[in-house]
>>> print(open('start.tsv').read())   # TSV, C-alpha atoms and all ligand atoms
chain	number	residue	atom	x	y	z
A	309	MET	CA	4.74	-1.34	-0.93
A	310	TYR	CA	1.75	-0.04	1.06
A	311	GLU	CA	-1.30	-1.20	-0.94
A	312	PRO	CA	-5.01	-1.94	-0.40
A	313	ILE	CA	-5.85	-5.14	1.44
A	314	GLN	CA	-7.50	-6.95	-1.48
A	315	ASP	CA	-4.60	-6.08	-3.82
A	316	ALA	CA	-2.07	-7.39	-1.32
A	317	ALA	CA	-4.11	-10.57	-0.76
A	318	ASP	CA	-4.36	-11.15	-4.52
A	319	ARG	CA	-0.63	-10.68	-5.04
A	320	ILE	CA	0.10	-13.06	-2.17
A	321	ARG	CA	-2.31	-15.68	-3.56
A	322	ARG	CA	-0.77	-15.42	-7.06
A	323	LEU	CA	2.73	-15.84	-5.54
A	324	GLU	CA	3.81	-12.44	-6.81
A	325	VAL	CA	4.83	-12.08	-3.19
A	326	GLN	CA	6.29	-15.38	-2.00
A	327	GLY	CA	8.09	-16.73	1.03
A	328	ALA	CA	6.69	-16.47	4.56
A	329	ARG	CA	8.64	-13.34	5.52
A	330	ASN	CA	7.67	-11.38	2.40
A	331	VAL	CA	4.05	-12.51	2.78
A	332	ALA	CA	3.99	-11.28	6.39
A	333	ILE	CA	5.61	-7.96	5.44
A	334	ALA	CA	3.09	-7.39	2.62
A	335	ALA	CA	0.19	-8.23	4.96
A	336	ILE	CA	1.47	-5.92	7.73
A	337	LYS	CA	1.84	-3.06	5.24
A	338	ALA	CA	-1.62	-3.72	3.81
A	339	ILE	CA	-3.33	-3.62	7.20
A	340	THR	CA	-1.49	-0.38	8.00
A	341	TYR	CA	-2.65	1.09	4.69
A	342	GLY	CA	-6.20	-0.14	5.37
A	343	ALA	CA	-6.17	1.47	8.83
A	344	LYS	CA	-5.01	4.81	7.39
A	345	GLU	CA	-7.83	4.73	4.82
A	346	SER	CA	-10.46	3.93	7.47
A	347	LYS	CA	-13.53	6.14	7.75
A	348	ALA	CA	-14.77	4.29	10.86
A	349	PRO	CA	-16.39	6.73	13.29
A	350	LYS	CA	-15.85	4.58	16.38
A	351	LYS	CA	-13.28	2.19	17.83
A	352	SER	CA	-15.71	-0.75	17.63
A	353	GLU	CA	-16.20	-0.20	13.88
A	354	PHE	CA	-12.49	0.31	13.36
A	355	LEU	CA	-11.87	-3.05	15.04
A	356	LEU	CA	-14.46	-4.71	12.80
A	357	GLU	CA	-12.66	-3.35	9.74
A	358	LEU	CA	-9.33	-4.63	11.02
A	359	SER	CA	-10.87	-8.03	11.64
A	360	ASP	CA	-12.30	-8.16	8.09
A	361	ALA	CA	-8.91	-7.18	6.68
A	362	LYS	CA	-7.27	-9.89	8.76
A	363	ASN	CA	-9.66	-12.53	7.41
A	364	VAL	CA	-9.03	-11.53	3.79
A	365	LEU	CA	-5.26	-11.66	4.32
A	366	PHE	CA	-5.36	-14.94	6.29
A	367	ALA	CA	-7.30	-16.56	3.46
A	368	SER	CA	-4.69	-15.54	0.87
A	369	ARG	CA	-2.35	-18.33	2.01
A	370	GLU	CA	-3.26	-20.88	4.63
A	371	THR	CA	0.12	-22.04	5.90
A	372	GLU	CA	1.54	-18.72	7.10
A	373	PRO	CA	1.66	-18.40	10.91
A	374	LEU	CA	4.17	-15.52	10.74
A	375	MET	CA	1.55	-13.44	8.94
A	376	ARG	CA	-1.14	-14.59	11.35
A	377	ASN	CA	0.97	-13.84	14.45
A	378	ALA	CA	1.86	-10.39	13.10
A	379	LEU	CA	-1.71	-9.35	12.27
A	380	ARG	CA	-3.08	-10.68	15.55
A	381	TYR	CA	-0.37	-8.81	17.44
A	382	ILE	CA	-1.28	-5.53	15.72
A	383	ILE	CA	-5.03	-5.96	16.28
A	384	HIS	CA	-4.49	-7.02	19.88
A	385	ALA	CA	-2.60	-3.76	20.52
A	386	VAL	CA	-5.66	-1.82	19.31
A	387	GLU	CA	-8.06	-3.97	21.37
A	388	LYS	CA	-6.19	-3.51	24.61
A	389	SER	CA	-5.47	0.20	24.12
A	390	ASP	CA	-7.41	2.68	26.29
A	391	GLU	CA	-7.48	5.03	23.34
A	392	THR	CA	-10.92	5.59	21.82
A	393	SER	CA	-10.17	8.12	19.07
A	394	VAL	CA	-9.89	6.33	15.70
A	395	LYS	CA	-7.26	8.86	14.59
A	396	ASP	CA	-5.02	7.86	17.50
A	397	LEU	CA	-5.73	4.17	16.96
A	398	VAL	CA	-4.60	4.53	13.33
A	399	LYS	CA	-1.33	5.99	14.64
A	400	LEU	CA	-1.07	3.06	17.04
A	401	VAL	CA	-1.45	0.57	14.15
A	402	SER	CA	1.37	2.34	12.30
A	403	LEU	CA	3.59	2.35	15.35
A	404	VAL	CA	3.06	-1.31	16.20
A	405	SER	CA	3.42	-2.36	12.55
A	406	ASP	CA	6.69	-0.46	12.22
A	407	SER	CA	8.10	-2.03	15.34
A	408	PHE	CA	7.06	-5.51	14.13
A	409	LEU	CA	8.72	-4.87	10.76
A	410	GLU	CA	11.84	-3.66	12.56
A	411	SER	CA	11.96	-6.79	14.71
A	412	LEU	CA	11.63	-8.97	11.58
A	413	LYS	CA	14.58	-7.12	10.07
A	414	ASN	CA	16.64	-7.59	13.22
A	415	SER	CA	15.87	-11.32	13.35
A	416	LYS	CA	16.89	-11.70	9.72
A	417	GLU	CA	20.24	-10.03	10.43
A	418	LYS	CA	20.83	-12.07	13.59
A	419	ILE	CA	20.09	-15.29	11.68
A	420	ALA	CA	22.56	-14.22	8.97
A	421	LEU	CA	25.21	-13.46	11.58
A	422	VAL	CA	24.83	-16.81	13.32
A	423	GLY	CA	24.07	-19.06	10.35
A	424	SER	CA	26.76	-17.71	8.03
A	425	LYS	CA	29.39	-19.15	10.39
A	426	ARG	CA	28.18	-22.63	9.47
A	427	VAL	CA	29.08	-21.99	5.82
A	428	THR	CA	32.71	-23.01	5.72
A	429	GLU	CA	35.41	-22.22	3.16
A	430	GLY	CA	35.21	-24.40	0.05
A	431	SER	CA	31.91	-26.01	1.07
A	432	LYS	CA	28.82	-26.86	-0.96
A	433	VAL	CA	25.51	-25.71	0.47
A	434	LEU	CA	22.21	-27.10	-0.77
A	435	THR	CA	18.96	-25.21	-0.47
A	436	HIS	CA	15.40	-25.83	-1.67
A	437	CYS	CA	12.86	-23.32	-2.99
A	438	HIS	CA	13.45	-19.65	-2.19
A	439	SER	CA	13.81	-18.45	1.36
A	440	SER	CA	14.82	-14.80	1.76
A	441	THR	CA	16.22	-15.74	5.18
A	442	VAL	CA	18.48	-18.41	3.68
A	443	THR	CA	19.68	-16.30	0.74
A	444	ASN	CA	20.43	-13.41	3.12
A	445	MET	CA	22.46	-15.76	5.31
A	446	LEU	CA	24.42	-17.08	2.33
A	447	ARG	CA	25.09	-13.54	1.10
A	448	ARG	CA	26.46	-12.73	4.54
A	449	ALA	CA	28.86	-15.71	4.38
A	450	LYS	CA	30.09	-14.42	1.02
A	451	GLU	CA	30.50	-10.86	2.39
A	452	ASP	CA	32.54	-12.33	5.24
A	453	GLY	CA	35.01	-13.47	2.59
A	454	ARG	CA	34.25	-17.15	2.27
A	455	THR	CA	34.20	-18.96	-1.07
A	456	PHE	CA	31.60	-21.68	-1.35
A	457	GLU	CA	29.11	-23.07	-3.84
A	458	VAL	CA	25.34	-23.07	-3.64
A	459	ILE	CA	23.34	-25.93	-5.09
A	460	CYS	CA	19.65	-25.33	-5.49
A	461	THR	CA	16.63	-27.26	-6.62
A	462	GLU	CA	14.24	-25.93	-9.26
A	463	SER	CA	11.28	-26.26	-6.88
A	464	ARG	CA	8.50	-27.46	-9.12
A	465	PRO	CA	5.84	-26.60	-9.97
A	466	VAL	CA	6.47	-22.83	-9.93
A	467	PHE	CA	10.27	-22.73	-9.93
A	468	GLN	CA	11.06	-20.57	-6.90
A	469	GLY	CA	14.56	-22.12	-7.15
A	470	ARG	CA	15.16	-19.73	-10.04
A	471	ILE	CA	14.74	-16.78	-7.69
A	472	THR	CA	17.34	-18.34	-5.40
A	473	ALA	CA	19.69	-19.02	-8.33
A	474	ARG	CA	19.43	-15.44	-9.61
A	475	GLU	CA	20.00	-13.93	-6.16
A	476	MET	CA	23.03	-16.13	-5.54
A	477	LEU	CA	24.57	-15.29	-8.92
A	478	GLU	CA	23.98	-11.57	-8.29
A	479	ALA	CA	25.85	-11.99	-5.00
A	480	GLY	CA	28.79	-13.48	-6.92
A	481	ILE	CA	28.31	-16.99	-5.49
A	482	GLU	CA	28.98	-19.99	-7.72
A	483	THR	CA	25.60	-21.66	-8.16
A	484	THR	CA	24.35	-24.91	-9.67
A	485	MET	CA	20.72	-25.87	-10.17
A	486	PHE	CA	19.20	-29.30	-10.72
A	487	VAL	CA	15.74	-30.81	-11.06
A	488	ASP	CA	14.10	-31.70	-7.75
A	489	SER	CA	14.34	-35.44	-8.38
A	490	ALA	CA	18.16	-35.24	-8.66
A	491	MET	CA	18.37	-34.34	-4.98
A	492	ARG	CA	19.71	-37.68	-3.76
A	493	TYR	CA	22.07	-37.91	-6.75
A	494	PHE	CA	23.93	-34.79	-5.53
A	495	MET	CA	23.53	-35.18	-1.79
A	496	ASN	CA	26.89	-36.94	-1.23
A	497	GLU	CA	28.70	-33.86	-2.59
A	498	VAL	CA	26.89	-31.54	-0.22
A	499	ASP	CA	28.41	-30.34	3.09
A	500	LEU	CA	25.40	-28.54	4.49
A	501	VAL	CA	21.68	-28.24	3.76
A	502	VAL	CA	19.87	-25.05	4.82
A	503	VAL	CA	16.21	-24.43	4.10
A	504	GLY	CA	13.70	-21.85	5.29
A	505	ALA	CA	10.39	-22.46	7.03
A	506	ASP	CA	6.78	-21.40	6.81
A	507	ALA	CA	5.73	-22.88	10.13
A	508	ILE	CA	7.14	-24.50	13.25
A	509	THR	CA	4.81	-26.70	15.27
A	510	SER	CA	4.72	-27.24	19.02
A	511	GLU	CA	6.48	-30.60	18.51
A	512	GLY	CA	9.39	-28.81	16.79
A	513	ASN	CA	8.45	-30.06	13.33
A	514	VAL	CA	9.00	-27.68	10.44
A	515	ILE	CA	6.71	-26.99	7.50
A	516	ASN	CA	8.35	-25.70	4.34
A	517	LYS	CA	8.07	-25.96	0.54
A	518	ILE	CA	6.85	-29.31	-0.76
A	519	GLY	CA	9.85	-31.61	-1.13
A	520	THR	CA	11.67	-30.32	1.95
A	521	SER	CA	10.95	-33.53	3.87
A	522	MET	CA	12.50	-35.53	1.01
A	523	VAL	CA	15.58	-33.30	1.11
A	524	ALA	CA	15.77	-33.99	4.86
A	525	LEU	CA	15.39	-37.73	4.29
A	526	ALA	CA	18.14	-37.75	1.66
A	527	ALA	CA	20.36	-35.61	3.93
A	528	LYS	CA	19.88	-37.98	6.85
A	529	GLU	CA	20.69	-41.02	4.74
A	530	ALA	CA	23.85	-39.31	3.42
A	531	ARG	CA	24.72	-37.98	6.91
A	532	THR	CA	24.65	-34.40	5.68
A	533	PRO	CA	23.75	-31.79	8.32
A	534	PHE	CA	20.28	-30.35	7.72
A	535	TYR	CA	19.46	-26.92	9.19
A	536	VAL	CA	16.41	-24.69	9.09
A	537	ALA	CA	16.92	-20.92	9.10
A	538	CYS	CA	13.88	-19.02	10.33
A	539	GLU	CA	12.61	-16.56	12.90
A	540	LEU	CA	10.82	-18.03	15.90
A	541	LEU	CA	7.65	-16.11	15.10
A	542	LYS	CA	6.89	-18.75	12.46
A	543	PHE	CA	5.78	-20.87	15.41
A	544	ASP	CA	2.07	-21.67	15.27
A	545	PRO	CA	0.61	-21.45	18.81
A	546	ALA	CA	-2.57	-23.29	17.71
A	547	THR	CA	-0.52	-26.50	17.36
A	548	ILE	CA	-0.10	-26.56	21.17
A	549	HIS	CA	-3.87	-26.92	21.45
A	550	GLY	CA	-3.87	-29.89	19.11
A	551	ASP	CA	-4.66	-28.15	15.83
A	552	TYR	CA	-2.79	-29.34	12.77
A	553	GLU	CA	-1.16	-26.76	10.56
A	554	THR	CA	-3.25	-26.70	7.38
A	555	ILE	CA	-1.23	-27.50	4.28
A	556	GLU	CA	-2.25	-25.28	1.39
A	557	GLU	CA	-3.25	-27.11	-1.80
A	558	ARG	CA	-2.79	-25.01	-4.89
A	559	SER	CA	-4.34	-25.16	-8.33
A	560	PRO	CA	-3.59	-28.28	-10.46
A	561	GLN	CA	-3.02	-25.81	-13.32
A	562	GLU	CA	0.36	-24.99	-11.81
A	563	VAL	CA	1.38	-28.62	-12.35
A	564	TRP	CA	-0.07	-29.18	-15.84
A	565	LYS	CA	-1.96	-26.41	-17.65
A	566	ASP	CA	-3.70	-28.47	-20.35
A	567	ALA	CA	-3.85	-31.80	-18.54
A	568	PRO	CA	-6.10	-34.50	-20.05
A	569	SER	CA	-9.57	-34.41	-18.55
A	570	GLY	CA	-10.22	-37.01	-15.88
A	571	LEU	CA	-6.67	-36.85	-14.55
A	572	ASN	CA	-6.40	-36.17	-10.83
A	573	ILE	CA	-3.62	-33.76	-9.98
A	574	ARG	CA	-2.66	-32.85	-6.42
A	575	ASN	CA	-0.54	-29.80	-5.70
A	576	PRO	CA	0.30	-29.38	-2.00
A	577	ALA	CA	2.50	-26.33	-1.44
A	578	PHE	CA	4.25	-27.56	1.71
A	579	ASP	CA	5.18	-30.65	3.68
A	580	VAL	CA	6.20	-31.49	7.23
A	581	THR	CA	9.78	-32.32	8.20
A	582	ARG	CA	9.91	-34.08	11.52
A	583	ARG	CA	12.24	-32.71	14.17
A	584	GLU	CA	14.47	-35.78	14.28
A	585	PHE	CA	15.71	-34.89	10.78
A	586	ILE	CA	16.71	-31.38	11.82
A	587	HIS	CA	20.21	-30.73	13.21
A	588	GLY	CA	19.23	-27.27	14.37
A	589	ILE	CA	17.03	-24.28	13.86
A	590	ILE	CA	19.05	-21.15	13.13
A	591	CYS	CA	17.00	-18.36	14.62
A	592	GLU	CA	17.35	-14.98	16.30
A	593	GLU	CA	18.22	-16.79	19.55
A	594	GLY	CA	21.09	-18.70	17.92
A	595	VAL	CA	21.29	-22.30	16.76
A	596	VAL	CA	18.67	-24.15	18.80
A	597	SER	CA	17.23	-27.62	18.96
A	598	PRO	CA	13.74	-28.03	17.46
A	599	ASP	CA	12.72	-29.50	20.85
A	600	SER	CA	13.40	-26.21	22.61
A	601	VAL	CA	11.24	-23.98	20.40
A	602	SER	CA	8.02	-24.13	22.47
A	603	GLU	CA	9.90	-23.23	25.63
A	604	LEU	CA	11.80	-20.43	23.86
A	605	MET	CA	8.51	-19.03	22.61
A	606	SER	CA	7.06	-18.84	26.12
A	607	ARG	CA	10.19	-17.05	27.29
A	608	LYS	CA	10.78	-14.65	24.39
A	609	TYR	CA	7.33	-14.11	22.88
A	610	PRO	CA	4.79	-14.87	25.66
A	611	TRP	CA	2.21	-12.67	23.91
A	612	ILE	CA	1.93	-15.24	21.11
A	613	PHE	CA	-0.18	-17.42	23.42
A	614	GLU	CA	-2.51	-14.55	24.29
A	615	VAL	CA	-3.38	-13.15	20.89
A	616	THR	CA	-4.76	-16.27	19.19
B	701	LIG	C1	8.45	-20.47	0.07
B	701	LIG	C2	9.12	-21.33	1.09
B	701	LIG	C3	10.21	-20.70	1.90
B	701	LIG	C4	9.63	-20.22	3.23
B	701	LIG	C5	10.61	-19.34	3.99
B	701	LIG	O1	7.27	-21.04	-0.45
B	701	LIG	O2	8.75	-22.46	1.31
B	701	LIG	O3	11.22	-21.60	2.17
B	701	LIG	O4	8.45	-19.48	3.02
B	701	LIG	O5	10.87	-18.16	3.29
B	701	LIG	P1	6.35	-20.17	-1.44
B	701	LIG	P2	11.40	-16.86	4.05
B	701	LIG	O6	7.20	-19.75	-2.59
B	701	LIG	O7	5.25	-21.09	-1.82
B	701	LIG	O8	5.87	-18.98	-0.65
B	701	LIG	O9	12.69	-17.26	4.69
B	701	LIG	O10	11.59	-15.84	2.97
B	701	LIG	O11	10.38	-16.47	5.05
>>> encode(input="start.tsv", output="structure tokens")
Amino acid sequence: MYEPIQDAADRIRRLEVQGARNVAIAAIKAITYGAKESKAPKKSEFLLELSDAKNVLFASRETEPLMRNALRYIIHAVEKSDETSVKDLVKLVSLVSDSFLESLKNSKEKIALVGSKRVTEGSKVLTHCHSSTVTNMLRRAKEDGRTFEVICTESRPVFQGRITAREMLEAGIETTMFVDSAMRYFMNEVDLVVVGADAITSEGNVINKIGTSMVALAAKEARTPFYVACELLKFDPATIHGDYETIEERSPQEVWKDAPSGLNIRNPAFDVTRREFIHGIICEEGVVSPDSVSELMSRKYPWIFEVT
């Protein structure tokens, strides 16, 4: 949906659009829409508008480097273009946005192709929250003719696990859901854990829905392979320069609407899973070690270090 910037930012903030990939897609479409609506007379003013749009979208969710990388890439293309006519720059935004969206689609398919091979006949696969990359990969394994079961967590406090459960049932995959705290209880039955990611840091650590690091801990203790399926563009280049990825804290209302006054409630949206818990990152380059991500980024996406 191509919609105004503020509308897109509001929908992202309210989680009507959720998951890093969908957030990035909505933001890319919004900036394209914003560019088309621009009345800026000059390139410099057009760039200022793009920068304002970027700031509004960045603020909608803090822990989303894929969105940040995408928007910076698009704006950078305008900055470095020799074109001065705003009309032509609007066309450029559309062109660059479309090619970014296309590359996201290709990565998703490549991840499905590679990762689905890890889903073996008769296996049980556990996932946490809702990752469109993971559900696409599982659908692919089903389309390839394998029978397996998906086990998913609820993902408190806003139950994204229900989105996963619905999608898996629609794909004809046997699915079981349990409360987040039953994770260790079921882990011994599980053959494979696959989760998505919001961010990858320069150390190869992965940031994903709150609770992911506990899933990884339980998987390690039970010796269950733990994989992350995500495109490399979730890498945050700022982490190379020492910055920490900010972890978004959401409203306490999501946890308890009419909580007694005086009660402190914390509601972090994500946590960090250290690389030593991760068997592999399933990405568009194949199944890679978390240690190799920084190097892969410099080889495959060198621009990421220039557009920060
Ligand atoms: C969603 C979440 C997902 C990642 C990856 O959290 O943690 O695992 O964003 O998703 P939220 P995708 O619901 O708070 O956005 O693979 O679709 O990019």
>>> atom_distance(input="start.tsv", atom1="CA of Met476 in chain A", atom2="CA of Asn575 in chain A")
27.2 Å
>>> closest_residue(input="start.tsv", among="A:Lys418, A:Arg447, A:His587, A:Arg329", to="Val502 in chain A", atoms="all atoms listed in the file")
A:His587
>>> residues_near_point(input="start.tsv", point="(0.1, -4.6, 18.2)", cutoff="12 Å", atoms="all atoms listed in the file", output="MDAnalysis selection string")
chainID A and resid 336 339:340 358 377:389 397:409 611:612 614:615
>>> closest_residue(input="start.tsv", among="A:Val498, A:Val595, A:Val536, A:Cys437", to="ligand LIG 701 (chain B)", atoms="only C-alpha atoms and all ligand atoms")
A:Cys437
>>> closest_atom_pairs(input="start.tsv", of="chain A", to="ligand LIG 701 (chain B)", cutoff="7 Å", atoms="only C-alpha atoms and all ligand atoms", output="Markdown table")
| residue | atom | partner | partner_atom | distance |
| --- | --- | --- | --- | --- |
| A:Leu323 | CA | B:LIG701 | O8 | 6.6 |
| A:Gln326 | CA | B:LIG701 | O8 | 3.9 |
| A:Gly327 | CA | B:LIG701 | O4 | 3.4 |
| A:Ala328 | CA | B:LIG701 | O11 | 3.7 |
| A:Arg329 | CA | B:LIG701 | O11 | 3.6 |
| A:Asn330 | CA | B:LIG701 | O10 | 6.0 |
| A:Cys437 | CA | B:LIG701 | O3 | 5.7 |
| A:His438 | CA | B:LIG701 | O3 | 5.3 |
| A:Ser439 | CA | B:LIG701 | O5 | 3.5 |
| A:Ser440 | CA | B:LIG701 | O10 | 3.6 |
| A:Thr441 | CA | B:LIG701 | O9 | 3.9 |
| A:Val442 | CA | B:LIG701 | O9 | 6.0 |
| A:Gln468 | CA | B:LIG701 | O6 | 5.8 |
| A:Val503 | CA | B:LIG701 | O3 | 6.1 |
| A:Gly504 | CA | B:LIG701 | O3 | 4.0 |
| A:Ala505 | CA | B:LIG701 | C5 | 4.4 |
| A:Asp506 | CA | B:LIG701 | O4 | 4.6 |
| A:Asn516 | CA | B:LIG701 | O2 | 4.5 |
| A:Lys517 | CA | B:LIG701 | O2 | 3.6 |
| A:Cys538 | CA | B:LIG701 | O9 | 6.0 |
| A:Ala577 | CA | B:LIG701 | O7 | 5.9 |
| A:Phe578 | CA | B:LIG701 | O2 | 6.8 |
>>> residues_near_point(input="start.tsv", point="(12.6, -33.2, 16.0)", cutoff="12 Å", atoms="only C-alpha atoms", output="ChimeraX atom specification")
/A:508-514,524,534-536,580-589,596-601
>>> closest_residue(input="start.tsv", among="A:Ala527, A:Leu540, A:Val433, A:Ala348", to="Cys591 in chain A", atoms="all atoms listed in the file")
A:Leu540
>>> atom_distance(input="start.tsv", atom1="CA of Thr520 in chain A", atom2="CA of Lys608 in chain A")
27.4 Å
>>> atom_distance(input="start.tsv", atom1="CA of Ala449 in chain A", atom2="CA of Ser415 in chain A")
16.4 Å
>>> residues_around(input="start.tsv", residues="Lys337 in chain A", least_positions_apart="6", cutoff="8 Å", atoms="only C-alpha atoms", output="ChimeraX atom specification")
/A:309-311,405
>>> closest_residue(input="start.tsv", among="A:Ala338, A:Ala367, A:Leu412, A:Val394", to="Leu355 in chain A", atoms="all atoms listed in the file")
A:Val394
>>> closest_residue(input="start.tsv", among="A:Ala537, A:Cys460, A:Val501, A:Ala473", to="Ser489 in chain A", atoms="only C-alpha atoms")
A:Cys460
>>> closest_residue(input="start.tsv", among="A:Asp499, A:Glu556, A:Glu391, A:Glu457", to="Gly480 in chain A", atoms="all atoms listed in the file")
A:Glu457
>>> residues_around(input="start.tsv", residues="Arg448 in chain A", least_positions_apart="3", cutoff="8 Å", atoms="all atoms listed in the file", output="list in words")
Ala420, Leu421, Ser424, Asn444, Met445, Glu451 and Asp452 of chain A
>>> decode(input="start.tsv", residues="range 561-602 of chain A", atoms="C-alpha atoms", output="PDB file, in the first residue's frame")
ATOM      1  CA  GLN A 561      -0.396  -0.982  28.486  1.00  0.00           C
ATOM      2  CA  GLU A 562       0.415  -3.828  26.119  1.00  0.00           C
ATOM      3  CA  VAL A 563       1.386  -5.935  29.133  1.00  0.00           C
ATOM      4  CA  TRP A 564      -1.444  -4.991  31.523  1.00  0.00           C
ATOM      5  CA  LYS A 565      -4.127  -2.499  30.487  1.00  0.00           C
ATOM      6  CA  ASP A 566      -5.596  -1.677  33.918  1.00  0.00           C
ATOM      7  CA  ALA A 567      -2.544  -2.399  36.055  1.00  0.00           C
ATOM      8  CA  PRO A 568      -2.631  -1.198  39.684  1.00  0.00           C
ATOM      9  CA  SER A 569      -1.097   2.242  40.033  1.00  0.00           C
ATOM     10  CA  GLY A 570       2.453   2.277  41.339  1.00  0.00           C
ATOM     11  CA  LEU A 571       3.373  -0.947  39.558  1.00  0.00           C
ATOM     12  CA  ASN A 572       6.435  -0.716  37.328  1.00  0.00           C
ATOM     13  CA  ILE A 573       6.015  -2.564  34.066  1.00  0.00           C
ATOM     14  CA  ARG A 574       8.785  -2.923  31.496  1.00  0.00           C
ATOM     15  CA  ASN A 575       8.020  -3.959  27.947  1.00  0.00           C
ATOM     16  CA  PRO A 576      11.136  -4.352  25.772  1.00  0.00           C
ATOM     17  CA  ALA A 577      10.217  -5.470  22.258  1.00  0.00           C
ATOM     18  CA  PHE A 578      13.479  -7.266  21.449  1.00  0.00           C
ATOM     19  CA  ASP A 579      16.506  -8.941  22.976  1.00  0.00           C
ATOM     20  CA  VAL A 580      20.014  -9.895  21.892  1.00  0.00           C
ATOM     21  CA  THR A 581      21.016 -13.474  21.106  1.00  0.00           C
ATOM     22  CA  ARG A 582      24.760 -13.874  21.176  1.00  0.00           C
ATOM     23  CA  ARG A 583      26.427 -15.467  18.175  1.00  0.00           C
ATOM     24  CA  GLU A 584      27.684 -18.516  20.077  1.00  0.00           C
ATOM     25  CA  PHE A 585      24.068 -19.690  20.402  1.00  0.00           C
ATOM     26  CA  ILE A 586      23.463 -19.494  16.665  1.00  0.00           C
ATOM     27  CA  HIS A 587      24.233 -22.518  14.450  1.00  0.00           C
ATOM     28  CA  GLY A 588      23.882 -20.447  11.306  1.00  0.00           C
ATOM     29  CA  ILE A 589      22.292 -17.494   9.634  1.00  0.00           C
ATOM     30  CA  ILE A 590      20.188 -18.524   6.653  1.00  0.00           C
ATOM     31  CA  CYS A 591      20.481 -15.612   4.270  1.00  0.00           C
ATOM     32  CA  GLU A 592      20.560 -14.795   0.564  1.00  0.00           C
ATOM     33  CA  GLU A 593      24.208 -15.922   0.485  1.00  0.00           C
ATOM     34  CA  GLY A 594      23.361 -19.353   1.918  1.00  0.00           C
ATOM     35  CA  VAL A 595      23.816 -20.718   5.431  1.00  0.00           C
ATOM     36  CA  VAL A 596      26.610 -18.630   6.948  1.00  0.00           C
ATOM     37  CA  SER A 597      28.301 -18.302  10.293  1.00  0.00           C
ATOM     38  CA  PRO A 598      27.333 -15.223  12.339  1.00  0.00           C
ATOM     39  CA  ASP A 599      31.083 -14.449  12.487  1.00  0.00           C
ATOM     40  CA  SER A 600      31.245 -13.959   8.728  1.00  0.00           C
ATOM     41  CA  VAL A 601      28.444 -11.403   8.404  1.00  0.00           C
ATOM     42  CA  SER A 602      30.580  -8.232   8.657  1.00  0.00           C
TER      43      SER A 602
END
